[in-house]
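Notes to accompany the following structure.
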Amino acid sequence: MFRKQTPYLYLILPAIFMIGFFFLPLFMAFGISLSDYSRDIYHPAFVGLANYAHLAQSAPFWHALRNTFVFLLGVVPAMVVLPIFLALLLNGKLKGISVFRSLIYIPVVISMVVVGIAWRWLYADDGLINWFLSLFGVGKVGWLVSPDIALYSVMIVVVWKGLAYYMMMYLAHLQSLSQDLYEAAEIDGANLWQKHLNITLPHLRPTMVMVGIISTIGSLKVFTEIYVMTRGGPVNATKTLVYYIYERAFENLDLGIASAAGIVLMLILLAFSLLEMKLSPKDEPAVAKPVEALKKAPSPLLPNQTGAI
């Protein structure tokens, strides 16, 4: 009798945390989004869905949302693809490879505030990057003061800092992959590109989906990098949705609009998470029998049984 109830007992504590730290704040935020705090923060007026209607007609909101999606489209593909190459390089059994792994992971453990300040110095007009470019005759570049490239400059910093984090996720998955699969494929005549295409990538597919989900959520919630490096400027060129929420809530004290924008952000995050989870593979990729797979009907990417491409 009690054995059937045991699994539910283990769910009590997580349920309490979910209610206290997610659902309750969510309902409170939704309640705040239905009120107008712009006139009197202590005595807000109930306005229903007027704040959401205001967002739908607000040019600054749509501009911040556009910047957020541009940031997402620039960062997420880089976070998914680039760490794979880095993980492949660090997966070898070379002398001193563990030291190099530790060194390349340093940006991940450094505070984003410190990273932002350091890169502001590097991006300065007389910074190290412009000095290096001047050696090749390139003029000074306004990395953080030009509306055309400021957002992309912040993207570079975000990718640089998070590269090793996702690389470790790929590396952990690569080390669970038996080398016998590569040896069997090599015996059948597969070259380096074909081995990675038919063995490595299918094996990493679940991790790629997970990296995509995590980096998407992180990109949609980007704030610290923007706050430290540009404060949303120049000319709102780097103002993202989270920074817009911060600005409305803590600078303008318009909690209703800020909460409404927060609810919109939550719905966007939920939609992306559900979409990526739906597109994720349901089972582990079938790479356990590469010899049989390679001996089947040849394709342009695989050698035939005689070894000819």
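Here's how to read the names in the structure tokens: chain A, B, ... by the order shown, residue numbers from 1 in each chain, ligand numbers from 1 in the order shown.
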
Going by DSSP on the backbone, which residues of region 83-253 of chain A come out as helix (DSSP H, G or I)? List them as an MDAnalysis selection string.
chainID A and resid 83:90 97:104 106:109 112:123 128:134 150:174 179:187 192:220 224:229 241:251

Tyr182 (chain A): which residues within 8 Å, counting only C-alpha atoms, same-chain residues fewer than 4 positions away excluded, as a list in words?
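In the requested format, the answer is Ser178, Glu186, Lys195 and Ile199 of chain A.
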
Dump as a JSON list (two decimals), in the first residue's frame, selection limited to N, CA and C atoms:
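Just written: again.json:
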[["chain", "number", "residue", "atom", "x", "y", "z"],
["A", 178, "SER", "N", 32.88, 4.71, -27.99],
["A", 178, "SER", "CA", 33.93, 3.71, -28.13],
["A", 178, "SER", "C", 34.77, 3.97, -29.38],
["A", 186, "GLU", "N", 37.11, 2.84, -40.17],
["A", 186, "GLU", "CA", 38.37, 3.04, -40.90],
["A", 186, "GLU", "C", 38.74, 1.79, -41.70],
["A", 195, "LYS", "N", 33.92, 9.60, -41.01],
["A", 195, "LYS", "CA", 33.79, 9.03, -39.66],
["A", 195, "LYS", "C", 33.06, 10.00, -38.74],
["A", 199, "ILE", "N", 29.41, 8.93, -37.53],
["A", 199, "ILE", "CA", 29.52, 8.37, -36.17],
["A", 199, "ILE", "C", 29.47, 9.47, -35.12]]

Top pick for closest residue to Met229 (chain A), considering A:Ser153, A:Thr200, A:Asn252, A:Ser33 and counting only C-alpha atoms
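Looking at the shortest contact to Met229 (chain A), the residue is A:Ser153.
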
Given only C-alpha atoms as the counted atoms, nearest of A:Ala190, A:Ile263, A:Ala15, A:Ile217 to Met28 (chain A):
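Result for the nearest residue to Met28 (chain A): A:Ile263.
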
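Nearest-residue note for Gly127 (chain A): choosing from A:Met18, A:Leu144, A:Met112, A:Phe61, the minimum distance belongs to A:Leu144, counting only C-alpha atoms.
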
Would you mind telling me which residue in A:Phe100, A:Ser273, A:Gly74, A:Leu253 lies nearest to Arg39 (chain A) when using only C-alpha atoms?
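Counting only C-alpha atoms, the residue closest to Arg39 (chain A) is A:Leu253.
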
Have a look at A:Phe69, A:Tyr42, A:Tyr10, A:Tyr123 and name the one nearest to Leu241 (chain A); count only C-alpha atoms.
A:Phe69

Gap from CA of Ser134 (chain A) to CA of Ile149 (chain A) - Å, one decimal
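For CA of Ser134 (chain A) relative to CA of Ile149 (chain A), the distance reads 18.4 Å.
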
Write out, as a Markdown table, each residue of region 145-230 of chain A that has an atom at most 10 Å from region 243-247 of chain A, together with the closest pair of atoms and their distance in Å to one decimal, counting only C-alpha atoms, rows going by chain and rising number.
| residue | atom | partner | partner_atom | distance |
| --- | --- | --- | --- | --- |
| A:Lys221 | CA | A:Tyr243 | CA | 8.9 |
| A:Val222 | CA | A:Tyr243 | CA | 8.0 |
| A:Phe223 | CA | A:Tyr243 | CA | 5.8 |
| A:Thr224 | CA | A:Tyr243 | CA | 8.8 |
| A:Ile226 | CA | A:Tyr243 | CA | 7.6 |
| A:Tyr227 | CA | A:Tyr243 | CA | 7.5 |

What would the file look like if the residues just selected were written as a CSV table (one decimal), in the first residue's frame with C-alpha atoms?
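So selection13.csv came out as:
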chain,number,residue,atom,x,y,z
A,221,LYS,CA,17.7,36.3,-21.2
A,222,VAL,CA,20.9,38.2,-21.9
A,223,PHE,CA,21.3,41.2,-19.6
A,224,THR,CA,24.6,41.3,-17.7
A,226,ILE,CA,24.6,44.5,-22.1
A,227,TYR,CA,24.5,46.3,-18.8
